[in-house]
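Shown here: structure08.txt, compact mmCIF, C-alpha atoms.
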# COMPACT_ATOMS: atom_id res chain seq x y z
CA MET A 1 -36.61 134.61 8.46
CA ALA A 2 -38.70 137.67 7.64
CA ARG A 3 -42.34 137.09 6.74
CA GLY A 4 -44.28 138.88 4.06
CA ALA A 5 -43.22 140.10 0.64
CA ASP A 6 -39.55 139.61 1.27
CA SER A 7 -39.82 135.89 2.09
CA LEU A 8 -40.51 135.32 -1.61
CA MET A 9 -37.33 137.27 -2.32
CA ARG A 10 -35.45 135.02 0.12
CA GLN A 11 -36.71 131.91 -1.71
CA LEU A 12 -35.69 133.50 -5.00
CA GLN A 13 -32.21 134.37 -3.71
CA ALA A 14 -31.74 130.82 -2.44
CA ALA A 15 -32.94 129.24 -5.70
CA SER A 16 -30.82 131.58 -7.82
CA PHE A 17 -27.75 131.05 -5.65
CA ALA A 18 -27.98 127.27 -6.07
CA VAL A 19 -27.71 127.76 -9.83
CA ASP A 20 -24.86 130.31 -9.44
CA ASP A 21 -22.83 127.86 -7.39
CA LEU A 22 -23.47 124.90 -9.72
CA LYS A 23 -22.50 127.04 -12.73
CA LEU A 24 -19.01 127.52 -11.36
CA TYR A 25 -18.60 123.83 -10.54
CA LEU A 26 -19.83 122.82 -14.02
CA ASP A 27 -17.35 125.23 -15.65
CA THR A 28 -14.55 123.02 -14.32
CA HIS A 29 -16.52 119.73 -14.40
CA PRO A 30 -18.65 120.03 -17.57
CA THR A 31 -19.48 116.32 -17.82
CA ASP A 32 -20.22 115.55 -14.15
CA PRO A 33 -23.58 113.75 -14.37
CA ARG A 34 -24.73 114.45 -10.79
CA ALA A 35 -23.93 118.14 -11.08
CA LEU A 36 -25.72 118.37 -14.43
CA GLU A 37 -28.79 116.70 -12.98
CA GLN A 38 -28.74 119.05 -9.98
CA TYR A 39 -28.34 122.02 -12.31
CA CYS A 40 -31.43 121.01 -14.30
CA ARG A 41 -33.51 120.64 -11.15
CA CYS A 42 -32.26 123.87 -9.56
CA ARG A 43 -32.70 125.80 -12.78
CA ASP A 44 -36.32 124.69 -13.04
CA ILE A 45 -37.01 125.59 -9.41
CA HIS A 46 -35.39 128.99 -9.94
CA GLY A 47 -37.54 129.53 -13.02
CA MET A 48 -40.72 128.78 -11.08
CA VAL A 49 -39.85 130.99 -8.13
CA ALA A 50 -38.77 133.83 -10.45
CA ALA A 51 -42.03 133.61 -12.41
CA LYS A 52 -43.99 133.75 -9.14
CA TYR A 53 -41.95 136.73 -7.96
CA VAL A 54 -42.51 138.63 -11.21
CA ALA A 55 -46.25 137.88 -11.15
CA GLU A 56 -46.75 138.84 -7.49
CA VAL A 57 -44.13 141.50 -6.74
CA GLY A 58 -42.48 143.07 -9.76
CA PRO A 59 -39.89 142.84 -12.52
CA LEU A 60 -36.54 141.10 -11.99
CA THR A 61 -35.08 142.13 -15.34
CA ALA A 62 -36.14 145.06 -17.46
CA GLU A 63 -37.77 142.65 -19.91
CA ASP A 64 -40.14 141.46 -17.18
CA VAL A 65 -41.89 144.84 -17.32
CA PRO A 66 -45.36 144.30 -18.82
CA CYS A 67 -46.73 146.38 -21.67
CA ASP A 68 -49.37 147.94 -19.46
CA GLY A 69 -48.96 151.67 -19.81
CA ARG A 70 -46.23 152.24 -17.22
CA TRP A 71 -42.50 151.51 -17.10
CA THR A 72 -42.66 149.81 -13.69
CA TRP A 73 -38.90 149.20 -13.69
CA VAL A 74 -38.45 152.55 -11.96
CA ASP A 75 -41.13 151.99 -9.31
CA ALA A 76 -39.99 149.32 -6.89
CA PRO A 77 -37.22 149.71 -4.32
CA TRP A 78 -33.73 149.03 -5.69
CA PRO A 79 -31.95 146.07 -4.10
CA TRP A 80 -29.38 148.17 -2.21
CA GLU A 81 -32.09 150.11 -0.36
CA GLY A 82 -32.58 147.15 1.99
CA GLU A 83 -36.36 147.10 1.79
CA VAL A 84 -36.75 143.71 0.12
CA MET B 1 -22.94 141.09 -22.27
CA TRP B 2 -24.59 141.60 -18.93
CA THR B 3 -28.19 141.65 -17.78
CA TYR B 4 -29.05 143.22 -14.48
CA ASP B 5 -31.13 141.14 -12.08
CA ARG B 6 -33.00 143.33 -9.66
CA LYS B 7 -31.90 141.52 -6.53
CA LEU B 8 -28.84 141.08 -4.33
CA GLN B 9 -27.19 137.67 -4.43
CA TYR B 10 -27.60 137.56 -0.62
CA PRO B 11 -29.69 139.91 1.54
CA VAL B 12 -28.30 143.10 3.08
CA LYS B 13 -30.62 144.70 5.64
CA ILE B 14 -28.85 146.90 8.15
CA ALA B 15 -30.83 148.81 10.78
CA ARG B 16 -28.06 150.67 12.60
CA PRO B 17 -25.87 153.29 10.92
CA ASN B 18 -22.16 153.00 11.73
CA ALA B 19 -19.53 155.31 10.27
CA ALA B 20 -16.52 153.41 11.63
CA ALA B 21 -17.71 150.12 10.13
CA ALA B 22 -18.38 151.77 6.77
CA LYS B 23 -14.89 153.26 6.78
CA VAL B 24 -13.26 149.83 6.80
CA ILE B 25 -15.82 147.82 4.83
CA ILE B 26 -15.38 150.17 1.84
CA SER B 27 -12.04 148.40 1.25
CA GLN B 28 -13.98 145.48 -0.19
CA PHE B 29 -15.39 147.92 -2.74
CA GLY B 30 -12.34 149.91 -3.88
CA GLY B 31 -9.45 148.35 -2.02
CA PRO B 32 -6.58 146.23 -3.36
CA ASP B 33 -8.29 142.90 -2.62
CA GLY B 34 -11.87 144.03 -2.99
CA GLU B 35 -14.68 142.92 -5.24
CA LEU B 36 -14.14 145.57 -7.93
CA ALA B 37 -10.50 144.48 -8.25
CA ALA B 38 -11.55 140.85 -8.40
CA SER B 39 -14.21 141.38 -11.05
CA GLN B 40 -11.95 143.46 -13.30
CA ARG B 41 -9.07 141.02 -12.87
CA TYR B 42 -11.05 137.98 -13.97
CA LEU B 43 -13.06 139.74 -16.67
CA SER B 44 -9.84 141.17 -18.13
CA GLN B 45 -7.98 137.85 -18.06
CA ARG B 46 -10.69 135.87 -19.83
CA TYR B 47 -9.98 137.26 -23.33
CA SER B 48 -6.54 135.71 -23.65
CA MET B 49 -7.50 132.43 -21.91
CA PRO B 50 -7.29 129.80 -24.66
CA TYR B 51 -9.17 127.06 -22.75
CA ARG B 52 -12.92 127.53 -22.85
CA GLU B 53 -13.68 125.93 -19.49
CA VAL B 54 -11.36 128.38 -17.81
CA ALA B 55 -12.60 131.34 -19.88
CA GLY B 56 -16.08 130.33 -18.71
CA LEU B 57 -14.91 130.23 -15.12
CA LEU B 58 -13.31 133.68 -15.39
CA THR B 59 -16.48 135.08 -16.95
CA ASP B 60 -18.78 133.51 -14.35
CA ILE B 61 -16.69 134.32 -11.29
CA GLY B 62 -15.99 137.83 -12.66
CA THR B 63 -19.73 138.34 -12.97
CA GLU B 64 -20.38 137.02 -9.46
CA GLU B 65 -17.77 139.44 -8.11
CA MET B 66 -19.75 142.33 -9.57
CA ALA B 67 -22.75 141.05 -7.59
CA HIS B 68 -20.52 140.99 -4.52
CA MET B 69 -19.38 144.54 -5.21
CA GLU B 70 -23.06 145.48 -5.23
CA MET B 71 -23.52 143.81 -1.82
CA VAL B 72 -20.52 145.62 -0.31
CA CYS B 73 -21.81 148.94 -1.65
CA ALA B 74 -25.27 148.17 -0.25
CA ILE B 75 -23.66 147.52 3.16
CA VAL B 76 -21.72 150.81 3.09
CA HIS B 77 -24.76 152.71 1.79
CA GLN B 78 -27.02 151.37 4.54
CA LEU B 79 -24.37 152.06 7.20
CA THR B 80 -23.98 155.68 6.12
CA ARG B 81 -27.21 157.04 4.62
CA ASP B 82 -28.71 158.12 7.96
CA LEU B 83 -25.56 159.30 9.71
CA THR B 84 -25.64 162.66 11.50
CA ILE B 85 -22.70 165.01 11.10
CA GLN B 86 -21.68 164.20 14.68
CA GLN B 87 -21.69 160.46 13.94
CA ILE B 88 -19.66 161.08 10.77
CA GLU B 89 -17.03 163.00 12.72
CA GLU B 90 -16.90 160.52 15.60
CA GLY B 91 -16.61 157.60 13.18
CA GLY B 92 -13.64 159.12 11.37
CA LEU B 93 -15.58 159.60 8.14
CA ALA B 94 -15.21 163.41 7.85
CA PRO B 95 -12.47 163.30 5.18
CA TYR B 96 -14.50 160.90 3.00
CA PHE B 97 -17.69 162.92 3.61
CA THR B 98 -15.90 166.06 2.44
CA ASP B 99 -15.23 164.65 -1.01
CA HIS B 100 -18.11 162.19 -1.42
CA THR B 101 -20.84 163.02 1.12
CA VAL B 102 -22.41 159.61 1.71
CA GLY B 103 -21.99 158.59 -1.90
CA LEU B 104 -20.04 155.48 -2.88
CA TRP B 105 -16.57 155.97 -4.40
CA PRO B 106 -14.14 153.11 -4.93
CA GLN B 107 -11.29 153.53 -2.47
CA ALA B 108 -9.52 151.43 0.13
CA ALA B 109 -10.02 151.88 3.90
CA SER B 110 -6.71 153.79 3.81
CA GLY B 111 -8.18 156.32 1.36
CA THR B 112 -6.08 155.06 -1.58
CA PRO B 113 -8.21 155.33 -4.71
CA PHE B 114 -8.98 152.21 -6.71
CA SER B 115 -6.48 151.53 -9.48
CA ALA B 116 -5.79 148.77 -12.00
CA THR B 117 -2.32 148.53 -10.42
CA VAL B 118 -3.83 146.32 -7.70
CA PHE B 119 -4.29 143.44 -10.11
CA ALA B 120 -2.44 141.61 -12.86
CA SER B 121 -3.70 140.36 -16.18
CA LYS B 122 -0.57 138.78 -17.53
CA GLY B 123 -1.79 137.05 -20.67
CA ASP B 124 -0.29 133.74 -19.52
CA PRO B 125 -2.76 131.12 -18.23
CA ILE B 126 -0.50 129.66 -15.53
CA THR B 127 0.44 133.09 -14.23
CA ASP B 128 -3.10 134.42 -14.34
CA LEU B 129 -4.53 131.45 -12.41
CA HIS B 130 -1.92 131.78 -9.68
CA GLU B 131 -2.80 135.49 -9.49
CA ASP B 132 -6.46 134.51 -9.13
CA MET B 133 -5.86 131.96 -6.39
CA ALA B 134 -3.80 134.51 -4.45
CA ALA B 135 -6.50 137.13 -4.98
CA GLU B 136 -9.15 134.89 -3.43
CA GLN B 137 -6.98 134.25 -0.37
CA LYS B 138 -6.28 137.97 0.02
CA ALA B 139 -9.98 138.69 -0.16
CA ARG B 140 -10.71 135.95 2.39
CA THR B 141 -8.16 137.42 4.79
CA THR B 142 -9.66 140.86 4.34
CA TYR B 143 -13.11 139.51 5.24
CA ASP B 144 -11.57 137.74 8.26
CA ASN B 145 -10.21 141.11 9.37
CA LEU B 146 -13.52 142.90 8.82
CA ILE B 147 -15.39 140.20 10.73
CA ARG B 148 -13.04 140.82 13.70
CA LEU B 149 -13.70 144.56 13.56
CA VAL B 150 -17.49 144.47 13.24
CA ASP B 151 -20.07 143.60 15.96
CA ASP B 152 -23.43 144.15 14.31
CA PRO B 153 -25.03 140.80 13.35
CA ASP B 154 -26.83 142.44 10.39
CA VAL B 155 -23.42 143.34 8.98
CA LEU B 156 -21.62 140.14 9.98
CA ASP B 157 -24.16 137.99 8.14
CA PRO B 158 -23.46 139.19 4.58
CA LEU B 159 -19.71 139.52 5.36
CA ARG B 160 -19.59 135.83 6.34
CA PHE B 161 -21.41 134.86 3.13
CA LEU B 162 -18.94 136.86 1.06
CA ARG B 163 -16.00 135.26 2.91
CA GLU B 164 -17.31 131.77 2.16
CA ARG B 165 -17.59 132.57 -1.54
CA GLU B 166 -13.90 133.52 -1.65
CA ILE B 167 -13.02 130.05 -0.42
CA VAL B 168 -15.20 128.40 -3.06
CA HIS B 169 -13.69 130.60 -5.79
CA PHE B 170 -10.21 129.62 -4.65
CA GLN B 171 -11.16 125.96 -5.08
CA ARG B 172 -12.54 126.57 -8.58
CA PHE B 173 -9.43 128.47 -9.71
CA GLY B 174 -7.29 125.60 -8.43
CA GLU B 175 -9.30 123.29 -10.68
CA GLY B 176 -8.86 125.80 -13.51
CA LEU B 177 -5.09 125.65 -13.03
CA ARG B 178 -5.18 121.86 -13.22
CA ILE B 179 -7.17 122.06 -16.46
CA VAL B 180 -4.51 124.37 -17.92
CA GLN B 181 -1.71 122.06 -16.82
CA ASP B 182 -3.51 119.05 -18.31
CA HIS B 183 -3.31 120.78 -21.69
CA LEU B 184 0.42 121.38 -21.39
CA ASP B 185 3.50 119.21 -21.55
CA ALA B 186 3.82 117.39 -18.23
CA GLN B 187 7.61 117.48 -18.63
CA ASN B 188 7.68 121.25 -18.92
CA PHE B 189 4.64 123.45 -18.25
CA TYR B 190 6.63 126.52 -19.24
CA ALA B 191 7.71 125.27 -22.67
CA PHE B 192 5.47 127.86 -24.30
CA ASN B 193 2.66 130.30 -23.50
CA PRO B 194 -0.54 128.81 -24.94
CA ALA B 195 -2.14 132.27 -24.94
CA TYR B 196 0.41 133.59 -27.42
CA ASP B 197 2.91 131.15 -28.91
CA ARG B 198 1.83 129.16 -31.92
Structure re-expressed in structure tokens:
Amino acid sequence: MARGADSLMRQLQAASFAVDDLKLYLDTHPTDPRALEQYCRCRDIHGMVAAKYVAEVGPLTAEDVPCDGRWTWVDAPWPWEGEV
Amino acid sequence: MWTYDRKLQYPVKIARPNAAAAKVIISQFGGPDGELAASQRYLSQRYSMPYREVAGLLTDIGTEEMAHMEMVCAIVHQLTRDLTIQQIEEGGLAPYFTDHTVGLWPQAASGTPFSATVFASKGDPITDLHEDMAAEQKARTTYDNLIRLVDDPDVLDPLRFLREREIVHFQRFGEGLRIVQDHLDAQNFYAFNPAYDR
């Protein structure tokens, strides 16, 4: 696994993917108690990692851009560039 | 509506350009069983789906397929952005380069442009779910074929991830079909179309 700034991105991708996968399962099993419990845990972990990423690296959605005098949305590499 | 998250669902970091690989992988962008076809199929079908669990599934898988389309385009972009003219010619990419340079345009490996004719949105829940299950298998087979053709581990890694997701989606659509059938008359699933008949 790559070290440095992009290891936080890897953690974020893993945390986000866990929620993505559970979402699909819950769509067809909306009352499954174990899946719901896992969803709540994974969603909270994703939230924490995302908040850390936004604080330390940059915006994940356009609404993460702070009101600081620059529209940083256009600054960082885009995901398809392969830098992060 | 959609929000854009500034990340790929799974990393794509390719060091070595490769025109021949790009030429075939582009099929999972604009080809008949590619991610664009998948996303538009599911997102189109969801409106007439009368069962909310299945409409949710179509929305969520349709959205994930757009993220997969982004990954495929990132792969093709990274394989082509640094190609020399000689590499483009040797890799068989000169015709594509002529019309698109190293831009991304949705077409199949054969050159056939993307079209809605590659998918069905039939307005009948049983029909649509069978279409979706078949679509996931076709996509899985296409990834199997690409994985045979490609050597570069940086490219194989995201392709294998995408292949696995097709298998999971197939499973979910099978569950969606069962949900639809549970709502219908066990003696005759075809007695009426719940998306239209009253």
Selected residue, from B:Asp33, B:Asp82, B:Asp152, B:Glu64, that lies nearest to chain A when counting all atoms listed in the file: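 The shortest atom-to-atom distance to chain A comes from B:Glu64.
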May I ask you to extract the residues of chain B within 10 Å of chain A, using all atoms listed in the file, and to give them as a PyMOL selection string? chain B and resi 3-15+52-61+64+70-78+81+165+168-169+171-179
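Near Ile25 of chain B, within 10 Å and counting all atoms listed in the file, sit Ala19, Gly31, Gly34, Val72, Cys73, Ile75, Val76, Leu79, Ala108, Ala109, Thr142, Tyr143, Asn145, Leu146, Ile147, Leu149, Val150, Val155 and Leu159 of chain B, not including residues fewer than 6 positions from it in the same chain.
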Set the distance at 7 Å and use all atoms listed in the file: which residues neighbour Arg43 of chain A once local chain neighbours fewer than 4 positions away are removed? I'd like the list as a PyMOL selection string. chain A and resi 19+39+47
Can you tell me, as a list in words, what residues are no more than 8 Å from Gln45 of chain B when counting only C-alpha atoms, ignoring any on the same chain fewer than 3 positions away?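 Once the adjacent positions are removed, what remains is Arg41, Tyr42, Ser48, Met49, Leu58, Ser121, Lys122, Gly123 and Asp128 of chain B.
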